[in-house]
Every structure is written in structure tokens, then in C-alpha cells.
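To start, the structure under review is shown below, and the notes come after it.
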Amino acid sequence: MVEDKNLKANLTVITVNWYSMEFLEPLFSNLNKKAKWPRKIKYLVIDNTNGEDKQLPALKQKNLNLTICPNNTKGEKGSFAHSLGLNTAMDKLETEYGLIVDPDIHIFKDNWDSFCIDIINNEGCFAVGTTYPQWQLGKYHNSPNPVFCFFKSEDYKTINADWTAYSKNPFVNFFNFCRRQILRFGIFINRKRYQKYPAVRKIFGSLEQIIGVCSNDTGSKIASKAKRNNLKAILFKAILPDDELITGKSDSIINLAEQFELYYYNKEPILTHRYSTGSKIWKTQKGHDLKFWKQQITNLERELTIN
């Protein structure tokens with residue numbers, strides 16, 4: 001489809017690149033295919049390799065309304081570098097709406113763009129999207145995280161949204177480290193045990209309410225502002241393998257919920273996040289198996305088409 005240059009974009013999709021080309025091509029294809037108004041979408045890639053990723057320029061050949069912005073992270077890595085990239089993107093945002101996404105997601109929801117705009121307008125919320133799953137004890141659960149965060153740009157600029165992760169104060173970090181050890185029993189309360197035992201969820205979910213946020217990952221400052229100012233967010237639900245919503249459903253749905261991240265809203269699947277992590281407490285058996293993840297997506301898309 002040839003891009004109509006006279007059609008004004010009203011949505012910017014933002015993602016941060018760190019040698020992520022194998023995800024970016026299918027991501028943008030997926031977003032365009034599922035969008036109601038694909039020609040009103042701009043894509044902004046913040047390149048945290050600062051131009052070192054030689055594969056990235058190939059995206060410009062995909063006939064997208066695309067801007068690649070090299071970004072010098074000045075030696076920062078992980079969540080610190082990611083948040084720097086997102087803050088850079090916020091300064092460049094010019095469209096009415098914005099969507100921040102991780103490269104390793106797949107959208108199942110048809111017309112996801114109009115769907116999110118309708119939610120914001122009808123619900124009077126400042127953002128809609130995913131938050132950290134309940135099994136990630138100690139992280140914020142009240143505000144969209146960078147996996148999928150759709151917002152009205154003016155509202156986000158009004159609250160001076162700052163994606164900065166964690167603190168560089170060693171005393172604060174040590175205090176939070178101690179609280180995490182109490183909350184998670186070191187590494188004993190991991191994702192597998194949380195998903196398997198309802199008693200673990202009840203006990204440690206209650207303990208989390210007492211201890212509070214002690215793992216201030218990307219977006220925690222925004223989540224704190226939202227809580228202080230009673231800002232409403234609509235959050236997709238991270239599905240556990242034994243959730244009644246997927247009881248008796250296909251193996252693909254169960255696998256996505258158990259091995260990766262699967263999000264629902266109003267009883268329908270919205271998106272999956274691969275979330276391949278090396279963390280001992282969050283990793284799963286198939287978490288690094290990209291082929292397996294893609295196969296579950298293919299299977300579920302086929303099921304959704306049939307139904």
C-alpha cells in the first residue's frame with residue numbers, strides 16, 4: 001500500500017532498539033495489519049546502539065512512515081538505557097496519541113488503535129495497556145509499563161512523564177534490595193511457584209501490599225505520580241495458567257500464559273509478550289525459545305480466525 005502523504009498521522013508507535021531487528025520487522029507488520037487506520041501511524045525507533053546496528057536501516061525499505069533516531073546512552077545498560085531511550089522519544093512526540101511498545105510483542109486484537117482510543121475517551125483514563133504481572137512481586141501494578149502503553153500525548157506531557165528506572169543512590173538501592181529479599185524469600189518465591197500455588201499468591205500478594213514497590217523498574221516514577229494524583233489507567237490482565245478465563249482452552253493459550261506473558265481484556269486475548277529473561281526468579285523453561293513462541297502465536301491466530 002502506498003502511503004498517502006496528505007493523510008496526517010495522529011499516532012506515534014515508539015520502541016527502543018538494541019539489536020532488535022528480528023523483532024522489529026514482524027512487530028511493525030503485525031501492528032499495521034491489525035490497525036484500523038494503519039496509514040495514520042508514525043513509527044519512531046530510538047536506536048540505543050547509536051547507529052552501530054547495521055541491520056536497522058533496512059527498516060526504511062518497508063514503506064513505513066518511519067523515523068530512526070540514534071541515541072547515545074553514555075554507557076548505561078539495561079533498564080537505565082531503556083528509560084533514557086523512552087525519555088528521548090517523549091521529547092520528540094508530536095502526534096495526538098502515543099504507543100510505547102517492547103519489540104518482542106504480538107497483538108491479537110483487531111483494530112487495536114481505535115480500540116485504545118475509544119477506551120481513553122470513554123473511560124477518562126490517562127493511559128491503557130499492560131503493567132507488570134502479579135508474579136513480579138515488588139514491581140508496580142497500577143500503571144502501564146513499556147511493554148504496551150497507549151496514551152494521549154498531551155496528558156502524558158502534562159504529568160511530565162519520566163521513564164527513569166531505579167535510583168542511583170546506593171542507600172536507597174540497598175534498602176530496596178533488603179525489602180525484596182523479605183518479599184520474595186530471596187529467590188524462593190519465583191514465577192513457577194507463584195503460578196502453581198494459590199496459597200503463595202494470597203500470602204505474598206498480601207505481603208507485597210505491606211512492603212510496597214521495592215523494584216523500581218522502568219516507569220515507576222509515572223506509576224507513583226498516577227497513584228498520588230488518583231489518575232485512572234485501564235490495564236490488561238496478565239493471565240495465569242489456571243485462570244478461569246482460559247480453563248479448557250487450547251494448548252497455545254496455556255503455553256503463552258505459562259511460558260511467556262499473555263494479556264486479556266474483557267475476556268479476549270489482546271497481546272502476548274515474549275519476555276525472555278535470564279533472571280532466576282522470572283525465567284521459564286521455554287522463555288528463550290523464539291520458535292516455540294512464534295508457533296503458539298500462529299496457532300492462536302488460526303483459532304481466533306476460525307472462531
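Scheme for the C-alpha cells: letters A, B, ... for chains in order shown; per-chain residue numbers from 1; ligand numbers from 1 in order shown.
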Show me, as an MDAnalysis selection string, the residues that have an atom within 12 Å of Thr305 (chain A) when counting only C-alpha atoms, minus same-chain residues fewer than 4 positions from it.
chainID A and resid 108:110 298:301
Write out as a ChimeraX atom specification each polymer residue whose atoms come within 7 Å of region 206-218 of chain A, counting only C-alpha atoms; drop sequence neighbours fewer than 6 positions from it.
/A:79,83,137-140,163-166,176,179-180,183
Find the nearest atom pair between each residue of region 139-219 of chain A and region 230-250 of chain A for residues within 10 Å, count only C-alpha atoms, give distances in Å to one decimal, sort rows by chain and ascending number, and present the table as CSV.
residue,atom,partner,partner_atom,distance
A:His141,CA,A:Leu235,CA,8.9
A:Asn142,CA,A:Ala233,CA,7.4
A:Ser143,CA,A:Ala233,CA,6.1
A:Pro144,CA,A:Leu235,CA,6.7
A:Asn145,CA,A:Leu235,CA,9.8
A:Phe148,CA,A:Phe236,CA,9.5
A:Cys149,CA,A:Leu235,CA,9.4
A:Phe150,CA,A:Ile234,CA,9.9
A:Phe151,CA,A:Ala233,CA,9.6
A:Tyr194,CA,A:Leu240,CA,9.3
A:Gln195,CA,A:Leu240,CA,6.3
A:Lys196,CA,A:Asp242,CA,8.2
A:Tyr197,CA,A:Asp242,CA,10.0
A:Pro198,CA,A:Asp242,CA,9.6
Selected residues, N, CA and C atoms, written as an mmCIF file, in the first residue's frame, please.
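New file out-v5.cif:
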data_model
loop_
_atom_site.group_PDB
_atom_site.id
_atom_site.type_symbol
_atom_site.label_atom_id
_atom_site.label_comp_id
_atom_site.auth_asym_id
_atom_site.auth_seq_id
_atom_site.Cartn_x
_atom_site.Cartn_y
_atom_site.Cartn_z
ATOM 1 N N HIS A 141 2.065 -2.230 39.818
ATOM 2 C CA HIS A 141 0.989 -2.935 39.121
ATOM 3 C C HIS A 141 -0.203 -2.017 38.815
ATOM 4 N N ASN A 142 -0.007 -0.710 38.971
ATOM 5 C CA ASN A 142 -1.142 0.217 38.856
ATOM 6 C C ASN A 142 -1.095 1.097 37.621
ATOM 7 N N SER A 143 -0.066 0.944 36.786
ATOM 8 C CA SER A 143 0.121 1.850 35.661
ATOM 9 C C SER A 143 0.741 1.075 34.497
ATOM 10 N N PRO A 144 0.425 1.450 33.255
ATOM 11 C CA PRO A 144 1.024 0.742 32.123
ATOM 12 C C PRO A 144 2.548 0.830 32.112
ATOM 13 N N ASN A 145 3.174 -0.277 31.755
ATOM 14 C CA ASN A 145 4.628 -0.320 31.644
ATOM 15 C C ASN A 145 5.028 -0.232 30.173
ATOM 16 N N PHE A 148 3.455 -2.289 26.655
ATOM 17 C CA PHE A 148 2.402 -1.726 25.813
ATOM 18 C C PHE A 148 1.735 -0.618 26.613
ATOM 19 N N CYS A 149 2.008 0.618 26.234
ATOM 20 C CA CYS A 149 1.450 1.772 26.947
ATOM 21 C C CYS A 149 0.901 2.761 25.921
ATOM 22 N N PHE A 150 -0.418 2.841 25.843
ATOM 23 C CA PHE A 150 -1.101 3.732 24.905
ATOM 24 C C PHE A 150 -1.629 4.931 25.689
ATOM 25 N N PHE A 151 -1.381 6.145 25.175
ATOM 26 C CA PHE A 151 -1.743 7.335 25.947
ATOM 27 C C PHE A 151 -2.042 8.509 25.028
ATOM 28 N N TYR A 194 4.709 -19.121 42.167
ATOM 29 C CA TYR A 194 3.576 -18.203 42.231
ATOM 30 C C TYR A 194 2.431 -18.704 41.359
ATOM 31 N N GLN A 195 2.758 -19.181 40.161
ATOM 32 C CA GLN A 195 1.723 -19.660 39.244
ATOM 33 C C GLN A 195 1.097 -20.964 39.726
ATOM 34 N N LYS A 196 1.862 -21.793 40.410
ATOM 35 C CA LYS A 196 1.400 -23.136 40.747
ATOM 36 C C LYS A 196 0.550 -23.174 42.009
ATOM 37 N N TYR A 197 0.869 -22.318 42.992
ATOM 38 C CA TYR A 197 0.224 -22.438 44.306
ATOM 39 C C TYR A 197 -0.615 -21.203 44.648
ATOM 40 N N PRO A 198 -1.949 -21.341 44.691
ATOM 41 C CA PRO A 198 -2.810 -20.210 45.069
ATOM 42 C C PRO A 198 -2.481 -19.648 46.451
#
Which region 34-137 of chain A residues have any atom within 12 Å of an atom of region 292-297 of chain A, and for each, what is the nearest pair of atoms with distance in Å to one decimal, counting only C-alpha atoms, rows sorted by chain and number, as a Markdown table?
| residue | atom | partner | partner_atom | distance |
| --- | --- | --- | --- | --- |
| A:Asp104 | CA | A:Trp293 | CA | 10.2 |
| A:Ile105 | CA | A:Ile297 | CA | 10.3 |
| A:His106 | CA | A:Ile297 | CA | 7.8 |
| A:Ile107 | CA | A:Ile297 | CA | 9.4 |
| A:Phe108 | CA | A:Ile297 | CA | 8.6 |
May I have the selected residues written with N, CA and C atoms, as a CSV table (one decimal), in the first residue's frame?
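Generated output (part-v6.csv):
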chain,number,residue,atom,x,y,z
A,104,ASP,N,9.4,-7.2,21.4
A,104,ASP,CA,9.0,-8.6,21.4
A,104,ASP,C,7.6,-8.8,21.9
A,105,ILE,N,6.6,-8.2,21.2
A,105,ILE,CA,5.2,-8.4,21.5
A,105,ILE,C,4.5,-8.8,20.2
A,106,HIS,N,3.3,-9.3,20.3
A,106,HIS,CA,2.4,-9.6,19.2
A,106,HIS,C,1.0,-9.3,19.6
A,107,ILE,N,0.3,-8.5,18.8
A,107,ILE,CA,-1.0,-8.0,19.0
A,107,ILE,C,-2.0,-9.0,18.4
A,108,PHE,N,-3.0,-9.4,19.2
A,108,PHE,CA,-4.1,-10.3,18.7
A,108,PHE,C,-5.3,-9.5,18.3
Name all residues at most 9 Å from Val45 (chain A) (count only C-alpha atoms; drop same-chain ones fewer than 3 positions away) and give them as a short mmCIF file (atom, residue, chain, number, x, y, z; two decimals) with C-alpha atoms, in the first residue's frame.
data_model
loop_
_atom_site.label_atom_id
_atom_site.label_comp_id
_atom_site.auth_asym_id
_atom_site.auth_seq_id
_atom_site.Cartn_x
_atom_site.Cartn_y
_atom_site.Cartn_z
CA VAL A 13 4.40 4.00 17.83
CA ILE A 14 7.59 4.20 19.88
CA THR A 15 10.06 1.42 20.54
CA VAL A 16 13.68 1.25 21.66
CA ASN A 17 16.14 -0.75 19.61
CA LEU A 66 9.38 5.77 9.96
CA THR A 67 11.98 7.80 11.84
CA ILE A 68 15.12 6.23 13.31
CA CYS A 69 16.77 8.33 15.99
CA PRO A 70 20.32 7.35 17.07
CA ALA A 89 11.17 9.64 22.45
#
So which residues touch region 24-40 of chain A within 10 Å, counting only C-alpha atoms, skipping near sequence neighbours fewer than 6 positions away, as a VMD selection string?
chain A and resid 1 to 5 7 to 13 15 to 17 56 58 to 59 62 64 to 65 95 101 to 115
Taking 2 positions as the minimum chain separation for residues in the same chain, which residues sit within 12 Å of Asp289 (chain A) when counting only C-alpha atoms? Answer as a ChimeraX atom specification.
/A:255-256,259-260,274-277,283-287,291-296
Could you save those same residues with C-alpha atoms as a PDB file, in the first residue's frame?
ATOM      1  CA  ASN A 255       1.578 -22.181  26.748  1.00  0.00           C
ATOM      2  CA  LEU A 256       1.551 -18.427  26.181  1.00  0.00           C
ATOM      3  CA  GLN A 259       5.893 -19.753  29.408  1.00  0.00           C
ATOM      4  CA  PHE A 260       5.602 -16.123  28.268  1.00  0.00           C
ATOM      5  CA  ARG A 274       7.824 -12.929  24.867  1.00  0.00           C
ATOM      6  CA  TYR A 275       9.725 -11.637  27.939  1.00  0.00           C
ATOM      7  CA  SER A 276      12.874 -13.690  27.502  1.00  0.00           C
ATOM      8  CA  THR A 277      14.787 -13.180  30.740  1.00  0.00           C
ATOM      9  CA  LYS A 283      12.590 -17.259  33.683  1.00  0.00           C
ATOM     10  CA  THR A 284      10.593 -20.181  32.310  1.00  0.00           C
ATOM     11  CA  GLN A 285      11.570 -23.392  30.561  1.00  0.00           C
ATOM     12  CA  LYS A 286      10.596 -22.145  27.080  1.00  0.00           C
ATOM     13  CA  GLY A 287      11.167 -18.430  27.619  1.00  0.00           C
ATOM     14  CA  LYS A 291      10.437 -20.565  17.514  1.00  0.00           C
ATOM     15  CA  PHE A 292       8.105 -22.021  20.149  1.00  0.00           C
ATOM     16  CA  TRP A 293       6.684 -18.565  20.960  1.00  0.00           C
ATOM     17  CA  LYS A 294       6.018 -17.823  17.292  1.00  0.00           C
ATOM     18  CA  GLN A 295       4.344 -21.209  16.811  1.00  0.00           C
ATOM     19  CA  GLN A 296       1.930 -20.557  19.686  1.00  0.00           C
TER      20      GLN A 296
END
Test item, strand (DSSP E or B) assignment across region 54-301 of chain A, answer as a VMD selection string
chain A and resid 66 to 70 97 to 101 105 to 107 127 to 129 148 to 152 233 to 235 237 to 238 261 to 265 268 to 273
Grab the residues selected above and save them as a PDB file, in the first residue's frame with C-alpha atoms.
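Result file out_16.pdb:
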ATOM      1  CA  LEU A  66       9.385   5.773   9.963  1.00  0.00           C
ATOM      2  CA  THR A  67      11.983   7.797  11.837  1.00  0.00           C
ATOM      3  CA  ILE A  68      15.115   6.231  13.306  1.00  0.00           C
ATOM      4  CA  CYS A  69      16.765   8.329  15.989  1.00  0.00           C
ATOM      5  CA  PRO A  70      20.317   7.354  17.073  1.00  0.00           C
ATOM      6  CA  TYR A  97      -1.583   9.792  20.695  1.00  0.00           C
ATOM      7  CA  GLY A  98       1.443   7.707  21.544  1.00  0.00           C
ATOM      8  CA  LEU A  99       2.060   4.000  21.961  1.00  0.00           C
ATOM      9  CA  ILE A 100       5.190   2.677  23.637  1.00  0.00           C
ATOM     10  CA  VAL A 101       5.883  -0.999  22.952  1.00  0.00           C
ATOM     11  CA  ILE A 105       5.214  -8.399  21.469  1.00  0.00           C
ATOM     12  CA  HIS A 106       2.433  -9.608  19.191  1.00  0.00           C
ATOM     13  CA  ILE A 107      -1.034  -8.030  19.018  1.00  0.00           C
ATOM     14  CA  ALA A 127      -3.363   5.526  29.709  1.00  0.00           C
ATOM     15  CA  VAL A 128      -4.254   1.977  28.730  1.00  0.00           C
ATOM     16  CA  GLY A 129      -2.035  -1.073  28.463  1.00  0.00           C
ATOM     17  CA  PHE A 148       2.402  -1.726  25.813  1.00  0.00           C
ATOM     18  CA  CYS A 149       1.450   1.772  26.947  1.00  0.00           C
ATOM     19  CA  PHE A 150      -1.101   3.732  24.905  1.00  0.00           C
ATOM     20  CA  PHE A 151      -1.743   7.335  25.947  1.00  0.00           C
ATOM     21  CA  LYS A 152      -2.928  10.753  24.899  1.00  0.00           C
ATOM     22  CA  ALA A 233      -5.474   3.671  33.991  1.00  0.00           C
ATOM     23  CA  ILE A 234      -7.133   0.783  32.186  1.00  0.00           C
ATOM     24  CA  LEU A 235      -4.936  -2.293  32.479  1.00  0.00           C
ATOM     25  CA  LYS A 237      -4.948  -8.613  32.702  1.00  0.00           C
ATOM     26  CA  ALA A 238      -1.862 -10.834  32.851  1.00  0.00           C
ATOM     27  CA  GLU A 261       3.120 -13.332  29.056  1.00  0.00           C
ATOM     28  CA  LEU A 262      -0.465 -13.299  27.824  1.00  0.00           C
ATOM     29  CA  TYR A 263      -2.803 -10.352  28.368  1.00  0.00           C
ATOM     30  CA  TYR A 264      -6.592 -10.296  28.199  1.00  0.00           C
ATOM     31  CA  TYR A 265      -9.221  -7.569  28.331  1.00  0.00           C
ATOM     32  CA  GLU A 268     -10.462 -11.783  24.901  1.00  0.00           C
ATOM     33  CA  PRO A 269      -6.721 -12.059  24.205  1.00  0.00           C
ATOM     34  CA  ILE A 270      -5.114  -8.700  23.429  1.00  0.00           C
ATOM     35  CA  LEU A 271      -1.405  -9.415  23.146  1.00  0.00           C
ATOM     36  CA  THR A 272       1.492 -11.619  24.136  1.00  0.00           C
ATOM     37  CA  HIS A 273       4.941 -10.545  25.316  1.00  0.00           C
TER      38      HIS A 273
END
Per-residue DSSP, region 87-281 of chain A, filtered to alpha helix (DSSP H), as a PyMOL selection string
chain A and resi 87-92+112-123+153-158+170-184+191-196+198-211+220-228+251-259
Save the residues we just selected, C-alpha atoms, as an mmCIF file, in the first residue's frame?
data_model
loop_
_atom_site.group_PDB
_atom_site.id
_atom_site.type_symbol
_atom_site.label_atom_id
_atom_site.label_comp_id
_atom_site.auth_asym_id
_atom_site.auth_seq_id
_atom_site.Cartn_x
_atom_site.Cartn_y
_atom_site.Cartn_z
ATOM 1 C CA ASN A 87 12.577 9.867 27.591
ATOM 2 C CA THR A 88 14.259 10.849 24.314
ATOM 3 C CA ALA A 89 11.171 9.637 22.446
ATOM 4 C CA MET A 90 8.826 11.642 24.656
ATOM 5 C CA ASP A 91 10.684 14.832 23.728
ATOM 6 C CA LYS A 92 10.134 14.057 20.036
ATOM 7 C CA TRP A 112 -6.260 -2.131 18.320
ATOM 8 C CA ASP A 113 -5.710 1.573 17.571
ATOM 9 C CA SER A 114 -9.378 2.599 17.578
ATOM 10 C CA PHE A 115 -9.960 0.201 20.485
ATOM 11 C CA CYS A 116 -7.411 2.025 22.676
ATOM 12 C CA ILE A 117 -8.573 5.491 21.613
ATOM 13 C CA ASP A 118 -12.165 4.567 22.495
ATOM 14 C CA ILE A 119 -11.103 3.326 25.925
ATOM 15 C CA ILE A 120 -9.254 6.567 26.703
ATOM 16 C CA ASN A 121 -12.133 8.749 25.526
ATOM 17 C CA ASN A 122 -14.916 6.687 27.124
ATOM 18 C CA GLU A 123 -13.214 5.818 30.407
ATOM 19 C CA SER A 153 0.268 12.726 24.358
ATOM 20 C CA GLU A 154 -0.977 15.938 25.959
ATOM 21 C CA ASP A 155 -1.925 14.098 29.162
ATOM 22 C CA TYR A 156 1.470 12.425 29.449
ATOM 23 C CA LYS A 157 3.297 15.689 28.867
ATOM 24 C CA THR A 158 1.121 17.370 31.499
ATOM 25 C CA PRO A 170 23.349 3.341 46.940
ATOM 26 C CA PHE A 171 21.473 3.661 50.248
ATOM 27 C CA VAL A 172 18.074 3.604 48.506
ATOM 28 C CA ASN A 173 19.157 0.629 46.410
ATOM 29 C CA PHE A 174 20.377 -1.289 49.450
ATOM 30 C CA PHE A 175 17.136 -0.588 51.323
ATOM 31 C CA ASN A 176 15.063 -1.799 48.371
ATOM 32 C CA PHE A 177 17.295 -4.855 47.985
ATOM 33 C CA CYS A 178 16.593 -5.828 51.604
ATOM 34 C CA ARG A 179 12.864 -5.375 51.123
ATOM 35 C CA ARG A 180 12.944 -7.585 48.010
ATOM 36 C CA GLN A 181 14.690 -10.360 49.911
ATOM 37 C CA ILE A 182 11.939 -10.299 52.520
ATOM 38 C CA LEU A 183 9.145 -10.124 49.942
ATOM 39 C CA ARG A 184 10.464 -12.908 47.716
ATOM 40 C CA ARG A 191 7.286 -17.274 38.902
ATOM 41 C CA LYS A 192 6.800 -21.048 38.818
ATOM 42 C CA ARG A 193 5.776 -21.287 42.486
ATOM 43 C CA TYR A 194 3.576 -18.203 42.231
ATOM 44 C CA GLN A 195 1.723 -19.660 39.244
ATOM 45 C CA LYS A 196 1.400 -23.136 40.747
ATOM 46 C CA PRO A 198 -2.810 -20.210 45.069
ATOM 47 C CA ALA A 199 -1.703 -20.030 48.722
ATOM 48 C CA VAL A 200 1.580 -18.452 47.659
ATOM 49 C CA ARG A 201 -0.311 -15.814 45.700
ATOM 50 C CA LYS A 202 -2.534 -14.982 48.649
ATOM 51 C CA ILE A 203 0.209 -14.807 51.276
ATOM 52 C CA PHE A 204 2.844 -12.989 49.264
ATOM 53 C CA GLY A 205 0.347 -10.781 47.482
ATOM 54 C CA SER A 206 -0.708 -9.542 50.935
ATOM 55 C CA LEU A 207 2.922 -9.113 51.958
ATOM 56 C CA GLU A 208 3.532 -7.046 48.842
ATOM 57 C CA GLN A 209 0.744 -4.689 49.909
ATOM 58 C CA ILE A 210 2.634 -4.073 53.161
ATOM 59 C CA ILE A 211 6.161 -3.761 51.739
ATOM 60 C CA SER A 220 7.911 3.521 38.330
ATOM 61 C CA LYS A 221 8.036 7.320 38.630
ATOM 62 C CA ILE A 222 4.992 7.595 36.367
ATOM 63 C CA ALA A 223 3.206 4.919 38.414
ATOM 64 C CA SER A 224 3.938 6.861 41.614
ATOM 65 C CA LYS A 225 2.539 10.066 40.121
ATOM 66 C CA ALA A 226 -0.560 8.240 38.938
ATOM 67 C CA LYS A 227 -1.139 6.887 42.445
ATOM 68 C CA ARG A 228 -0.583 10.245 44.173
ATOM 69 C CA ASP A 251 -2.597 -25.641 24.391
ATOM 70 C CA SER A 252 -1.393 -22.499 22.629
ATOM 71 C CA ILE A 253 -3.227 -20.229 25.061
ATOM 72 C CA ILE A 254 -1.998 -22.209 28.060
ATOM 73 C CA ASN A 255 1.578 -22.181 26.748
ATOM 74 C CA LEU A 256 1.551 -18.427 26.181
ATOM 75 C CA ALA A 257 0.256 -17.852 29.710
ATOM 76 C CA GLU A 258 2.664 -20.307 31.335
ATOM 77 C CA GLN A 259 5.893 -19.753 29.408
#
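The two atoms in question, CA of Ser279 (chain A) and CA of Thr73 (chain A), are spaced 23.1 Å apart.
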